[in-house]
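Structure file protein-v4.cif; described as mmCIF, C-alpha atoms.
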data_target
#
loop_
_atom_site.label_atom_id
_atom_site.label_comp_id
_atom_site.auth_asym_id
_atom_site.auth_seq_id
_atom_site.Cartn_x
_atom_site.Cartn_y
_atom_site.Cartn_z
CA MET A 293 42.29 -6.03 59.64
CA PRO A 294 38.94 -4.33 60.26
CA ASP A 295 35.94 -6.20 58.91
CA VAL A 296 32.61 -5.28 57.39
CA VAL A 297 29.97 -7.05 59.46
CA GLU A 298 26.97 -8.65 57.80
CA SER A 299 24.59 -7.89 60.60
CA ASN A 300 22.67 -10.79 62.15
CA ARG A 301 21.52 -8.56 64.95
CA THR A 302 17.92 -8.18 66.03
CA SER A 303 16.05 -6.36 68.79
CA ALA A 304 17.89 -3.08 69.01
CA GLY A 305 20.77 -4.37 66.96
CA HIS A 306 22.04 -6.94 69.44
CA GLU A 307 22.34 -10.62 68.78
CA ASP A 308 19.09 -12.29 69.69
CA ASP A 309 19.62 -13.73 73.17
CA ASN A 310 16.08 -15.06 73.36
CA LYS A 311 16.44 -17.69 70.63
CA PRO A 312 15.75 -20.57 70.14
CA GLY A 313 12.71 -20.10 72.31
CA GLY A 314 11.24 -17.54 69.95
CA SER A 315 11.51 -13.85 70.74
CA PRO A 316 8.94 -11.09 70.25
CA GLU A 317 9.16 -8.94 67.17
CA PRO A 318 11.46 -5.93 67.67
CA HIS A 319 9.79 -2.60 68.31
CA PRO A 320 8.85 -0.81 65.05
CA MET A 321 11.34 2.00 65.75
CA ILE A 322 14.16 -0.55 65.88
CA LYS A 323 13.21 -1.80 62.44
CA PHE A 324 12.89 1.80 61.22
CA ILE A 325 16.46 2.66 62.28
CA GLU A 326 17.76 -0.53 60.65
CA LEU A 327 16.00 0.41 57.41
CA GLN A 328 17.46 3.91 57.52
CA ASP A 329 20.96 2.47 57.90
CA LYS A 330 20.41 0.36 54.79
CA GLN A 331 19.05 3.32 52.83
CA ASN A 332 22.05 5.43 53.88
CA ASN A 333 24.49 2.61 53.02
CA ALA A 334 25.89 2.67 56.53
CA ALA A 335 28.16 -0.37 56.80
CA GLU A 336 28.80 -1.94 60.21
CA VAL A 337 32.50 -2.31 60.96
CA GLN A 338 34.59 -4.00 63.63
CA ILE A 339 38.12 -2.85 64.41
CA PRO A 340 40.38 -5.05 66.57
CA ILE A 341 41.90 -3.53 69.71
CA PRO A 342 44.01 -5.27 72.39
CA TYR A 343 41.01 -6.13 74.62
CA GLY A 344 38.38 -6.81 71.97
CA LYS A 345 36.89 -4.64 69.25
CA VAL A 346 35.67 -1.17 68.42
CA ALA A 347 32.43 -1.21 66.46
CA GLY A 348 31.12 1.52 64.23
CA LYS A 349 29.46 2.55 60.99
CA TRP A 350 31.13 3.63 57.76
CA TYR A 351 29.33 6.12 55.54
CA GLY A 352 30.43 7.02 52.02
CA PRO A 353 33.02 5.79 49.52
CA GLN A 354 35.19 2.93 50.67
CA ASN A 355 38.34 4.10 48.89
CA VAL A 356 38.49 7.44 50.68
CA ARG A 357 40.02 8.01 54.11
CA PRO A 358 37.06 8.89 56.31
CA ILE A 359 36.55 11.59 58.89
CA LEU A 360 36.66 9.75 62.21
CA CYS A 361 33.62 10.66 64.32
CA VAL A 362 33.71 10.34 68.12
CA HIS A 363 30.55 10.51 70.23
CA GLY A 364 29.87 11.94 73.67
CA TRP A 365 29.66 10.47 77.16
CA LEU A 366 27.13 7.59 77.47
CA ASP A 367 26.09 8.02 73.81
CA ASN A 368 27.23 5.93 70.84
CA CYS A 369 27.86 6.34 67.13
CA GLY A 370 24.10 6.59 66.56
CA THR A 371 24.45 10.22 67.65
CA PHE A 372 25.65 10.97 64.08
CA ASP A 373 22.87 9.05 62.29
CA ARG A 374 20.94 12.14 61.23
CA LEU A 375 23.92 14.38 60.47
CA LEU A 376 26.24 12.28 58.33
CA PRO A 377 23.74 11.39 55.57
CA LEU A 378 23.24 15.15 54.98
CA LEU A 379 26.93 15.85 54.36
CA PRO A 380 28.65 15.70 50.94
CA GLU A 381 28.36 12.18 49.55
CA GLU A 382 31.91 12.18 48.15
CA ILE A 383 33.28 12.39 51.72
CA SER A 384 33.52 9.29 53.90
CA PHE A 385 32.81 9.13 57.63
CA LEU A 386 33.61 6.46 60.20
CA ALA A 387 31.54 6.87 63.37
CA VAL A 388 32.73 4.59 66.17
CA ASP A 389 31.38 3.36 69.50
CA LEU A 390 33.92 4.09 72.21
CA PRO A 391 34.75 1.16 74.54
CA GLY A 392 31.90 0.40 76.92
CA HIS A 393 29.38 2.03 74.57
CA GLY A 394 27.25 0.65 71.75
CA TYR A 395 28.57 -2.58 70.25
CA SER A 396 32.20 -2.05 71.27
CA SER A 397 34.00 -4.17 73.86
CA ARG A 398 34.10 -3.20 77.50
CA VAL A 399 37.35 -2.79 79.35
CA PRO A 400 38.24 -5.84 81.51
CA ASP A 401 36.64 -6.35 84.94
CA GLY A 402 38.21 -4.25 87.64
CA MET A 403 39.41 -1.57 85.22
CA THR A 404 38.18 2.01 85.08
CA TYR A 405 37.34 4.16 82.07
CA TYR A 406 39.74 7.05 81.71
CA GLN A 407 39.16 9.73 79.08
CA LEU A 408 42.82 9.76 78.11
CA ASP A 409 42.62 6.05 77.19
CA CYS A 410 40.79 7.18 74.07
CA ILE A 411 43.98 8.82 72.80
CA PRO A 412 45.83 5.53 72.14
CA LEU A 413 42.50 4.14 70.91
CA LEU A 414 42.54 6.62 68.02
CA LEU A 415 46.12 5.61 67.29
CA TYR A 416 45.09 1.92 67.19
CA ILE A 417 42.37 2.77 64.66
CA MET A 418 44.86 4.72 62.53
CA ARG A 419 47.29 1.83 62.64
CA GLU A 420 44.69 -0.74 61.64
CA TYR A 421 43.74 1.27 58.55
CA GLY A 422 47.27 2.39 57.73
CA TRP A 423 46.52 6.12 58.02
CA SER A 424 49.40 8.54 58.46
CA LYS A 425 46.92 11.35 59.23
CA VAL A 426 43.42 11.54 60.63
CA SER A 427 40.49 13.93 60.24
CA LEU A 428 38.38 14.24 63.38
CA MET A 429 34.84 15.20 64.34
CA GLY A 430 33.61 14.86 67.90
CA HIS A 431 30.60 15.71 70.01
CA SER A 432 30.82 16.63 73.70
CA MET A 433 33.33 14.24 75.31
CA GLY A 434 34.28 13.19 71.78
CA ALA A 435 35.10 16.81 70.91
CA ILE A 436 37.31 17.03 74.00
CA ILE A 437 39.11 13.85 72.98
CA CYS A 438 39.69 15.34 69.52
CA PHE A 439 41.05 18.54 71.10
CA ILE A 440 43.57 16.59 73.20
CA PHE A 441 44.60 14.33 70.32
CA ALA A 442 45.10 17.25 67.93
CA ALA A 443 47.28 18.99 70.54
CA LEU A 444 49.40 15.94 71.34
CA PHE A 445 49.85 14.86 67.72
CA PRO A 446 49.56 17.98 65.53
CA ASP A 447 51.51 16.27 62.73
CA LYS A 448 48.93 13.48 62.56
CA VAL A 449 45.76 15.62 62.35
CA ASP A 450 44.61 17.50 59.25
CA MET A 451 41.18 18.70 60.40
CA VAL A 452 39.06 18.98 63.58
CA ILE A 453 35.34 19.65 64.02
CA GLY A 454 34.10 19.97 67.61
CA LEU A 455 30.37 19.91 68.38
CA ASP A 456 29.27 21.72 71.56
CA ALA A 457 32.46 21.17 73.53
CA LEU A 458 35.99 22.44 73.26
CA LYS A 459 38.42 21.67 76.06
CA PRO A 460 38.84 19.26 78.99
CA LEU A 461 36.99 20.24 82.15
CA SER A 462 38.99 21.90 84.91
CA PHE A 463 38.28 21.40 88.61
CA HIS A 464 39.13 23.60 91.54
CA PRO A 465 41.90 21.88 93.54
CA ASP A 466 39.74 21.82 96.68
CA ARG A 467 37.01 19.89 94.88
CA PHE A 468 39.06 17.51 92.78
CA SER A 469 40.04 15.02 95.51
CA VAL A 470 36.50 14.91 96.96
CA ARG A 471 34.99 14.28 93.54
CA MET A 472 37.58 11.65 92.67
CA SER A 473 37.12 9.70 95.92
CA LYS A 474 33.35 9.56 95.38
CA GLN A 475 33.79 8.46 91.77
CA VAL A 476 36.13 5.63 92.77
CA MET A 477 33.72 4.25 95.37
CA LYS A 478 30.81 4.37 92.92
CA PHE A 479 32.97 2.67 90.32
CA ILE A 480 33.67 -0.21 92.72
CA GLU A 481 29.93 -0.68 93.20
CA ALA A 482 29.27 -0.66 89.45
CA ASP A 483 32.13 -3.07 88.78
CA THR A 484 30.79 -5.46 91.44
CA ARG A 485 27.34 -5.39 89.83
CA ASN A 486 28.87 -6.07 86.42
CA ARG A 487 30.70 -9.15 87.65
CA ALA A 488 27.51 -10.51 89.17
CA LYS A 489 26.22 -10.94 85.58
CA SER A 490 22.66 -10.23 86.65
CA GLU A 491 20.24 -8.60 84.23
CA PRO A 492 19.61 -4.89 84.86
CA PRO A 493 16.05 -3.56 85.27
CA SER A 494 14.03 -3.78 82.06
CA TYR A 495 11.33 -1.54 80.61
CA ALA A 496 8.97 -1.24 77.68
CA TYR A 497 10.52 0.52 74.70
CA GLU A 498 8.45 3.66 75.29
CA GLU A 499 9.72 3.77 78.87
CA MET A 500 13.29 3.54 77.59
CA VAL A 501 12.60 6.59 75.43
CA ASP A 502 11.27 8.47 78.47
CA ARG A 503 14.27 7.52 80.60
CA LEU A 504 16.75 8.63 77.97
CA TYR A 505 14.85 11.85 77.29
CA GLU A 506 14.75 12.73 80.99
CA GLY A 507 18.34 11.59 81.54
CA THR A 508 19.57 14.07 78.95
CA ALA A 509 17.40 16.88 80.41
CA ALA A 510 15.53 16.99 77.08
CA SER A 511 18.74 17.63 75.14
CA VAL A 512 17.69 14.65 73.01
CA THR A 513 14.07 14.87 71.89
CA ARG A 514 11.75 11.91 72.30
CA GLU A 515 11.62 11.67 68.52
CA THR A 516 15.40 11.26 68.23
CA CYS A 517 15.99 9.05 71.29
CA PRO A 518 15.67 5.88 69.14
CA TYR A 519 18.89 6.75 67.30
CA LEU A 520 20.84 6.44 70.56
CA LEU A 521 18.76 3.59 71.97
CA GLN A 522 19.45 1.43 68.90
CA ARG A 523 22.96 0.54 70.10
CA ASN A 524 22.31 1.12 73.78
CA ILE A 525 19.66 -1.44 74.74
CA LYS A 526 19.23 -5.19 74.69
CA PRO A 527 16.12 -7.40 74.87
CA SER A 528 15.33 -8.81 78.31
CA ARG A 529 15.69 -12.56 78.82
CA LYS A 530 13.28 -12.44 81.74
CA PHE A 531 10.55 -10.22 80.33
CA PRO A 532 9.86 -10.68 76.61
CA GLY A 533 9.04 -7.43 74.89
CA LYS A 534 11.07 -5.37 77.36
CA TYR A 535 14.60 -3.98 77.14
CA TYR A 536 17.45 -2.95 79.40
CA PHE A 537 20.36 -0.54 79.01
CA ASP A 538 23.41 -2.48 77.83
CA ARG A 539 26.14 0.13 78.14
CA ASP A 540 28.78 -0.44 80.80
CA ASN A 541 27.57 1.30 83.97
CA ARG A 542 31.18 1.85 85.01
CA MET A 543 31.19 4.57 82.34
CA LYS A 544 29.04 6.73 84.63
CA TYR A 545 32.08 7.05 86.88
CA ASN A 546 34.79 7.51 84.28
CA VAL A 547 37.90 9.45 85.18
CA ILE A 548 38.47 12.75 83.39
CA PRO A 549 41.79 14.64 83.40
CA GLY A 550 40.61 17.64 85.45
CA TRP A 551 43.83 19.54 84.95
CA ALA A 552 44.14 23.33 85.16
CA ASP A 553 43.10 25.61 82.32
CA SER A 554 46.71 26.74 82.06
CA ILE A 555 47.43 23.29 80.62
CA ASN A 556 44.47 23.59 78.25
CA MET A 557 45.85 26.89 76.99
CA GLU A 558 49.22 25.30 76.25
CA LEU A 559 47.47 22.42 74.48
CA ALA A 560 45.44 24.87 72.38
CA LYS A 561 48.66 26.55 71.19
CA ARG A 562 49.84 23.22 69.75
CA ILE A 563 46.81 22.68 67.48
CA THR A 564 47.76 23.67 63.94
CA ALA A 565 45.07 21.90 61.86
CA PRO A 566 41.96 23.67 60.55
CA PHE A 567 39.59 23.60 63.50
CA LEU A 568 35.86 24.38 63.70
CA THR A 569 33.99 24.66 67.00
CA ILE A 570 30.18 24.72 66.85
CA LYS A 571 28.54 25.87 70.09
CA ALA A 572 24.83 25.29 70.72
CA LEU A 573 23.17 28.40 72.13
CA GLU A 574 20.66 26.52 74.30
CA SER A 575 23.31 24.32 75.89
CA PRO A 576 25.31 25.23 79.01
CA TYR A 577 29.06 25.65 78.74
CA ALA A 578 31.14 22.68 79.84
CA GLY A 579 32.85 24.27 82.80
CA SER A 580 32.35 28.01 82.40
CA ARG A 581 31.78 30.49 79.61
CA GLU A 582 34.88 32.34 80.74
CA GLY A 583 36.99 29.20 80.39
CA PHE A 584 35.55 28.54 76.94
CA GLU A 585 36.21 32.08 75.73
CA GLN A 586 39.73 31.96 77.14
CA ILE A 587 40.62 28.91 75.03
CA VAL A 588 38.87 30.37 71.97
CA ALA A 589 41.03 33.47 72.30
CA VAL A 590 44.20 31.36 72.44
CA LEU A 591 43.15 29.35 69.40
CA ARG A 592 42.28 32.45 67.40
CA GLU A 593 45.67 33.96 68.15
CA SER A 594 47.74 30.84 67.48
CA ASN A 595 45.79 29.15 64.66
CA PRO A 596 44.67 31.24 61.65
CA LYS A 597 42.44 28.36 60.55
CA TYR A 598 40.40 28.25 63.74
CA GLU A 599 36.69 29.13 63.59
CA VAL A 600 33.94 29.21 66.21
CA LYS A 601 30.28 29.33 65.22
CA PHE A 602 27.06 29.46 67.24
CA VAL A 603 23.80 27.74 66.33
CA LYS A 604 20.32 27.54 67.80
CA GLY A 605 19.72 24.23 69.52
CA SER A 606 20.42 21.94 72.46
CA HIS A 607 23.58 20.06 73.38
CA HIS A 608 22.56 17.35 70.88
CA VAL A 609 21.65 19.82 68.12
CA HIS A 610 23.56 17.74 65.54
CA LEU A 611 21.10 14.92 66.24
CA THR A 612 17.86 16.78 66.96
CA GLU A 613 18.23 19.61 64.43
CA PRO A 614 21.04 18.61 62.07
CA GLU A 615 19.86 21.15 59.51
CA ASN A 616 21.20 23.87 61.86
CA VAL A 617 24.67 22.34 61.81
CA VAL A 618 24.99 21.09 58.23
CA PRO A 619 25.67 24.44 56.48
CA LEU A 620 28.53 25.26 58.85
CA VAL A 621 30.11 21.82 58.54
CA VAL A 622 29.75 21.77 54.75
CA GLU A 623 31.32 25.24 54.42
CA PHE A 624 34.26 24.13 56.56
CA LEU A 625 34.69 20.87 54.63
CA ARG A 626 34.61 22.68 51.30
CA LYS A 627 37.49 24.85 52.49
CA TYR A 628 39.71 22.23 54.07
CA TRP A 629 38.80 18.66 53.08
CA ASN A 630 41.03 17.03 50.50
CA LYS A 631 40.43 13.62 48.98
CA GLU A 632 43.35 11.23 49.26
CA PRO A 633 42.91 8.85 46.32
CA GLU A 634 45.89 6.76 47.36
CA ILE A 635 44.08 5.64 50.51
CA VAL A 636 42.82 2.09 50.09
CA HIS A 637 39.87 0.87 52.11
CA LYS A 638 41.04 -2.06 54.25
CA LEU A 639 37.74 -3.39 55.55
#

Would you kindly transcribe this structure into structure tokens?
Amino acid sequence: MPDVVESNRTSAGHEDDNKPGGSPEPHPMIKFIELQDKQNNAAEVQIPIPYGKVAGKWYGPQNVRPILCVHGWLDNCGTFDRLLPLLPEEISFLAVDLPGHGYSSRVPDGMTYYQLDCIPLLLYIMREYGWSKVSLMGHSMGAIICFIFAALFPDKVDMVIGLDALKPLSFHPDRFSVRMSKQVMKFIEADTRNRAKSEPPSYAYEEMVDRLYEGTAASVTRETCPYLLQRNIKPSRKFPGKYYFDRDNRMKYNVIPGWADSINMELAKRITAPFLTIKALESPYAGSREGFEQIVAVLRESNPKYEVKFVKGSHHVHLTEPENVVPLVVEFLRKYWNKEPEIVHKL
């Protein structure tokens, strides 16, 4: 069964690899995030899966089935750190690190990351907790995963909230094979580096903030980068006081479905649960605006409980400006969330 973890983690939340030689004090922002987690009663959890564990954080009552929160590509469950504490305290939330991200296990050597692998992952989590239904909230890639899951298993989903993404990306047939061949070759290189077990390049904490800020094209502000770095970096063995990115680099070359939008339209018709899409106005559309609007039109026609709202902010608006998102999420939850008192917390 899933376990609550009494954290013995230090230096960005990872077990201290520099002991017993004596490691430098963690950066003040690392301690600040740890303190915030304690103040928000965010409990670390570990959920067994066939090749290891899924880690995450549980917010709220422990006798209430939580809304399962799924982060975006190369992020981790820290993406929800500033949003979830602002939502109704009687509602529970379980934000997880997808495999290869945060504190969760990586897939075995030689294996690729495939977006559709997250579909059985959600079923494993449901099985471990004994849930017959699941409520979902996802950001970016996480929102796409929620879309697919809700379409494949409409009888298992009672609510969906998608943050700044809606549907799987579609590729022109002429480009798909070229893109895929390049991704596979880059994956082989990343997998070879992983198996070498050498330490990646390390940087001062402030440099890590800069690299993440620039890597997201300023979608994440410098002030909010620490919430993602907390579960994304590890202290260097070679250079005390420096850190390196600990996520699985194979994730950069993950395989996404890439099927035609005609398939996405058929998937959209299958989603029957209350469904809220929140689109950030300062964020580009994943794919095209036309493709987005096409799926919105299908959802509006086939699902009377579908809503789409627009907010000011970047792709990570839920992290950088959660106050823009909270009223919309709360309004939706007040309409459609129902407590299930018979659910027993199994941590």

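If only C-alpha atoms are the atoms counted, then among A:Arg529, A:Arg542, A:Arg562, A:Arg514 the closest residue to A:Ala442 is A:Arg562.
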
Compute the distance from (42.5, 13.0, 82.8) to each atom, counting all atoms listed in the file, keep the residues with any atom at most 12 Å away, and return them as a short mmCIF file (atom, residue, chain, number, x, y, z; two decimals) with C-alpha atoms, in the coordinates of the input; use the coordinates of the file.
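Written output follows (selection-v7.cif):
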data_model
loop_
_atom_site.label_atom_id
_atom_site.label_comp_id
_atom_site.auth_asym_id
_atom_site.auth_seq_id
_atom_site.Cartn_x
_atom_site.Cartn_y
_atom_site.Cartn_z
CA TYR A 405 37.34 4.16 82.07
CA TYR A 406 39.74 7.05 81.71
CA GLN A 407 39.16 9.73 79.08
CA LEU A 408 42.82 9.76 78.11
CA ASP A 409 42.62 6.05 77.19
CA CYS A 410 40.79 7.18 74.07
CA ILE A 411 43.98 8.82 72.80
CA MET A 433 33.33 14.24 75.31
CA ILE A 436 37.31 17.03 74.00
CA ILE A 437 39.11 13.85 72.98
CA ILE A 440 43.57 16.59 73.20
CA LYS A 459 38.42 21.67 76.06
CA PRO A 460 38.84 19.26 78.99
CA LEU A 461 36.99 20.24 82.15
CA SER A 462 38.99 21.90 84.91
CA PHE A 463 38.28 21.40 88.61
CA PHE A 468 39.06 17.51 92.78
CA MET A 472 37.58 11.65 92.67
CA ASN A 546 34.79 7.51 84.28
CA VAL A 547 37.90 9.45 85.18
CA ILE A 548 38.47 12.75 83.39
CA PRO A 549 41.79 14.64 83.40
CA GLY A 550 40.61 17.64 85.45
CA TRP A 551 43.83 19.54 84.95
CA ALA A 552 44.14 23.33 85.16
CA ILE A 555 47.43 23.29 80.62
CA ASN A 556 44.47 23.59 78.25
#

Could you state which residues are captured by the PyMOL selection byres ((chain A and resi 328-340) around 10) in this file, as a PyMOL selection string? chain A and resi 293-299+323-327+341-354+373-374+376-378+385-389+395-397+416-417+420-421+639

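Closest to A:Leu573 among A:Leu620, A:Lys478, A:Asp367, A:Asp456 is A:Asp456, based on only C-alpha atoms.
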
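If all atoms listed in the file are the atoms counted, then among A:Thr516, A:Thr564, A:Asn524, A:Ser554 the closest residue to A:Phe537 is A:Asn524.
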
Can you translate the PyMOL selection byres ((chain A and resi 319) around 12) into the concrete residues it hits in this file, as a ChimeraX atom specification? /A:302-305,315-318,320-326,496-498,500-501,518,521-522,525-527,532-535

Between A:Leu366, A:Ile453, A:Ala560, A:Leu568, which is the closest to A:Gly507 once you count only C-alpha atoms? A:Leu366

What residues come out when you apply the PyMOL selection byres ((chain A and resi 511) around 10) to this file, written as a list in words?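 The output of the PyMOL selection byres ((chain A and resi 511) around 10) on this file is Leu504, Tyr505, Glu506, Gly507, Thr508, Ala509, Ala510, Val512, Thr513, Arg514, Thr516, Cys517, Glu574, Ser575, Gly605, Ser606, His607, His608, Val609, Leu611 and Thr612 of chain A.
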
Coordinates-based distance that separates atom CA of A:Ala435 from atom CA of A:Met418 (Å, one decimal): 17.7 Å

Pairwise distance for atom CA of A:Ser490 and atom CA of A:Pro400, rounded to one decimal in Å: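 These atoms are spaced 17.0 Å apart.
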
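The residue set within 12 Å of A:Pro619, counting all atoms listed in the file and dropping same-chain residues fewer than 3 places from it, reads Leu375, Leu378, Leu379, Pro380, Ile570, Lys601, Phe602, Val603, His610, Glu613, Pro614, Glu615, Asn616, Val622, Glu623, Phe624, Leu625 and Arg626 of chain A.
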
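Interatomic distance, atom CA of A:Glu593 against atom CA of A:Pro358: 29.0 Å.
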
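For the point (33.0, 17.1, 66.0) in file coordinates, the residues within 7 Å, using only C-alpha atoms, are Cys361, Leu428, Met429, Gly430, His431, Ala435, Val452, Ile453, Gly454 and Leu455 of chain A.
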
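The closest residue to A:Cys369, picked from A:Trp423, A:Phe441, A:Tyr519, A:Tyr495 and counting all atoms listed in the file, is A:Tyr519.
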
Could the centre and edge lengths of an axis-aligned box, enclosing all atoms of stretch 527-542 of chain A in the file with 6 Å extra on each side, be given in Å to one decimal as AutoDock Vina command-line options?
--center_x 20.1 --center_y -5.4 --center_z 79.9 --size_x 34.1 --size_y 26.4 --size_z 22.1
